[in-house]
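Source file input_18.cif; content: mmCIF, C-alpha atoms and all ligand atoms.
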```cif
data_coords
#
loop_
_atom_site.label_atom_id
_atom_site.label_comp_id
_atom_site.auth_asym_id
_atom_site.auth_seq_id
_atom_site.Cartn_x
_atom_site.Cartn_y
_atom_site.Cartn_z
CA MET A 1 112.13 81.24 60.63
CA SER A 2 111.65 84.96 60.01
CA LEU A 3 110.41 87.49 62.49
CA SER A 4 107.11 88.03 60.71
CA THR A 5 106.09 84.37 60.99
CA LEU A 6 107.03 84.38 64.66
CA SER A 7 104.90 87.36 65.54
CA SER A 8 101.87 86.16 63.61
CA SER A 9 101.73 82.68 65.13
CA SER A 10 100.82 83.61 68.69
CA SER A 11 97.05 83.28 68.40
CA GLY A 12 96.83 79.55 67.75
CA ILE A 13 98.54 78.63 70.99
CA ARG A 14 95.53 77.75 73.10
CA THR A 15 94.13 75.32 70.58
CA CYS A 16 97.27 73.22 70.51
CA GLN A 17 97.32 72.85 74.27
CA PRO A 18 95.58 69.53 75.01
CA LEU A 19 93.22 68.71 77.86
CA CYS A 20 94.31 66.17 80.45
CA PHE A 21 92.06 63.39 81.77
CA CYS A 22 90.68 65.71 84.48
CA ASP A 23 89.43 67.95 81.66
CA LEU A 24 91.92 70.63 82.57
CA GLN A 25 94.25 72.40 80.20
CA ALA A 26 97.47 70.44 80.35
CA THR A 27 100.50 72.36 81.55
CA PHE A 28 103.69 72.71 79.64
CA ARG A 29 106.73 71.43 81.52
CA TYR A 30 110.23 70.19 80.97
CA SER A 31 111.23 66.71 81.90
CA ASN A 32 114.31 66.36 84.03
CA THR A 33 114.95 62.67 83.67
CA LEU A 34 118.39 61.50 82.66
CA ARG A 35 117.07 59.86 79.53
CA ASN A 36 115.14 62.94 78.36
CA PRO A 37 116.72 66.02 79.92
CA ARG A 38 114.96 69.32 79.18
CA GLN A 39 112.39 67.64 76.94
CA PRO A 40 109.16 69.62 76.80
CA PHE A 41 105.92 67.75 77.54
CA PHE A 42 102.34 68.29 78.56
CA GLY A 43 101.16 67.00 81.90
CA CYS A 44 98.27 67.24 84.32
CA PRO A 45 98.19 70.74 85.86
CA ASN A 46 97.46 69.20 89.26
CA TYR A 47 100.61 67.13 89.24
CA ASN A 48 103.08 68.17 91.94
CA THR A 49 100.52 70.41 93.65
CA LYS A 50 100.17 68.29 96.85
CA ARG A 51 96.72 67.32 98.09
CA LEU A 52 95.11 67.74 94.67
CA PRO A 53 94.41 64.52 92.80
CA TYR A 54 95.99 64.31 89.38
CA CYS A 55 95.71 62.04 86.38
CA LYS A 56 98.51 60.31 84.53
CA PHE A 57 98.21 62.43 81.44
CA PHE A 58 101.49 62.74 79.58
CA LYS A 59 102.34 63.89 76.08
CA TRP A 60 105.63 64.91 74.51
CA VAL A 61 105.51 68.27 72.77
CA ASP A 62 106.66 68.21 69.17
CA GLY A 63 109.07 70.76 67.74
CA ASP A 64 106.57 73.13 66.18
CA GLN A 65 104.30 73.19 69.20
CA TYR A 66 107.32 73.70 71.35
CA MET A 67 108.37 76.79 69.43
CA LYS A 68 104.90 78.25 69.78
CA LEU A 69 104.68 77.44 73.46
CA GLU A 70 108.08 78.76 74.29
CA LEU A 71 107.28 81.92 72.43
CA GLN A 72 104.02 82.25 74.33
CA GLU A 73 105.83 81.63 77.62
CA ARG A 74 108.34 84.33 76.85
CA LYS A 75 105.61 86.69 75.79
CA ASN A 76 103.75 86.06 79.03
CA GLU A 77 106.92 86.60 80.99
CA LEU A 78 107.58 89.84 79.19
CA LEU A 79 104.05 91.01 79.86
CA ARG A 80 104.43 90.05 83.52
CA LYS A 81 107.66 91.99 83.77
CA GLU A 82 106.18 94.92 81.94
CA LYS A 83 103.35 95.00 84.44
CA GLU A 84 105.80 94.71 87.30
CA VAL A 85 107.79 97.65 86.02
CA ASP A 86 104.58 99.59 85.55
CA ASP A 87 103.49 98.82 89.10
CA ARG A 88 106.84 99.84 90.49
CA PHE A 89 106.79 103.02 88.51
CA ARG A 90 103.37 103.87 89.89
CA ASP A 91 104.64 103.07 93.37
CA ILE A 92 107.57 105.42 92.89
CA GLU A 93 105.24 108.13 91.64
CA LYS A 94 103.06 107.70 94.72
CA ARG A 95 106.08 107.92 96.99
CA GLU A 96 107.28 111.01 95.20
CA ILE A 97 103.94 112.69 95.83
CA GLU A 98 104.10 111.55 99.45
CA ILE A 99 107.61 112.97 99.82
CA ARG A 100 106.56 116.27 98.28
CA LYS A 101 103.66 116.47 100.71
CA ARG A 102 106.00 115.88 103.61
CA GLU A 103 108.44 118.46 102.30
CA ASP A 104 105.58 120.92 102.15
CA GLU A 105 104.58 120.06 105.70
CA ILE A 106 108.13 120.45 106.96
CA GLU A 107 108.47 123.78 105.16
CA LYS A 108 105.23 124.99 106.72
CA ARG A 109 106.34 123.86 110.17
CA GLU A 110 109.66 125.59 109.74
CA MET A 111 107.88 128.77 108.75
CA VAL A 112 105.67 128.53 111.82
CA GLN A 113 108.69 127.89 114.00
CA ASP A 114 110.52 130.86 112.53
CA GLY A 115 107.48 132.97 113.35
CA GLN A 116 107.41 131.65 116.91
CA ASP A 117 111.07 132.39 117.35
CA GLU A 118 110.46 135.96 116.29
CA GLU A 119 107.58 136.22 118.76
CA PHE A 120 109.78 134.83 121.47
CA LEU A 121 112.54 137.29 120.68
CA LYS A 122 110.11 140.18 120.77
CA GLU A 123 108.74 139.04 124.09
CA GLY A 124 112.26 138.76 125.40
CA VAL A 125 113.05 142.26 124.26
CA ASP A 126 109.84 143.57 125.85
CA ALA A 127 110.69 141.95 129.14
CA LEU A 128 113.96 143.82 129.39
ZN ZN B 1 94.70 65.75 85.04
#
```

Rewrite the coordinates I just gave you, this time as structure tokens.
Ligand SMILES: [Zn+2]
Amino acid sequence: MSLSTLSSSSSGIRTCQPLCFCDLQATFRYSNTLRNPRQPFFGCPNYNTKRLPYCKFFKWVDGDQYMKLELQERKNELLRKEKEVDDRFRDIEKREIEIRKREDEIEKREMVQDGQDEEFLKEGVDAL
């Protein structure tokens, strides 16, 4: 498969994701049974989510669907990470501004203190 076919096939992903018996979009999972290790399948999204009732929907994912889904998953993960990096970057920028503000404050305080010291010295000299 070439790169161009990979990048152009991302839009049809939602349509190939079936609905489970609860009328929810089935989730893509991997089986971890001994007989079918790491086999991709669709299942009820409520399965394994304690308290929520779930149906017995189950469907193996065929090779082509699997490729599309895995690609979509990776794309989503990349987007998530990209957002994370973006958030962190913004956080760092905020902190930088905060640090600069503090530096400014400290500088001002030091200037004031220097001034006070001078005053004090003068007063001391006067008192002599
Ligand atoms: Zn269901």

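Checking A:Gly43, A:Met67, A:Gln113, A:Leu34 one by one against ligand ZN 1 (chain B), counting all atoms listed in the file, you find the shortest gap at A:Gly43.
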
*asked:* I need the residue nearest ligand ZN 1 (chain B) from this list: A:Ile92, A:Val112, A:Cys20, A:Val85. Use only C-alpha atoms and all ligand atoms for the distance.
replied: A:Cys20

*One decimal, Å: what's the distance from atom CA of Leu52 of chain A over to atom CA of Ala26 of chain A, could you say?*
14.8 Å

*Check every protein, DNA and RNA residue against ligand ZN 1 (chain B), keep those with an atom at most 7 Å away (counting all atoms listed in the file), and present them as a PyMOL selection string.*
chain A and resi 20-24+44-46+54-57

Write the selection just made, keeping C-alpha atoms, as a PDB file, in the frame of the given file?
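Now in result.pdb:
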```pdb
ATOM      1  CA  CYS A  20      94.310  66.170  80.450  1.00  0.00           C
ATOM      2  CA  PHE A  21      92.060  63.390  81.770  1.00  0.00           C
ATOM      3  CA  CYS A  22      90.680  65.710  84.480  1.00  0.00           C
ATOM      4  CA  ASP A  23      89.430  67.950  81.660  1.00  0.00           C
ATOM      5  CA  LEU A  24      91.920  70.630  82.570  1.00  0.00           C
ATOM      6  CA  CYS A  44      98.270  67.240  84.320  1.00  0.00           C
ATOM      7  CA  PRO A  45      98.190  70.740  85.860  1.00  0.00           C
ATOM      8  CA  ASN A  46      97.460  69.200  89.260  1.00  0.00           C
ATOM      9  CA  TYR A  54      95.990  64.310  89.380  1.00  0.00           C
ATOM     10  CA  CYS A  55      95.710  62.040  86.380  1.00  0.00           C
ATOM     11  CA  LYS A  56      98.510  60.310  84.530  1.00  0.00           C
ATOM     12  CA  PHE A  57      98.210  62.430  81.440  1.00  0.00           C
TER      13      PHE A  57
END
```

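Atom pair atom CA of Arg74 of chain A / atom CA of Asp87 of chain A has a distance of 19.6 Å (rounded to one decimal).
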
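Put simply, atom CA of Ile97 of chain A is 25.5 Å away from atom CA of Asp114 of chain A.
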
*Just the residues within 6 Å of Phe42 of chain A, please, counting all atoms listed in the file, with nothing from its chain fewer than 6 positions along; format it as a PyMOL selection string.*
chain A and resi 26-28+58-59
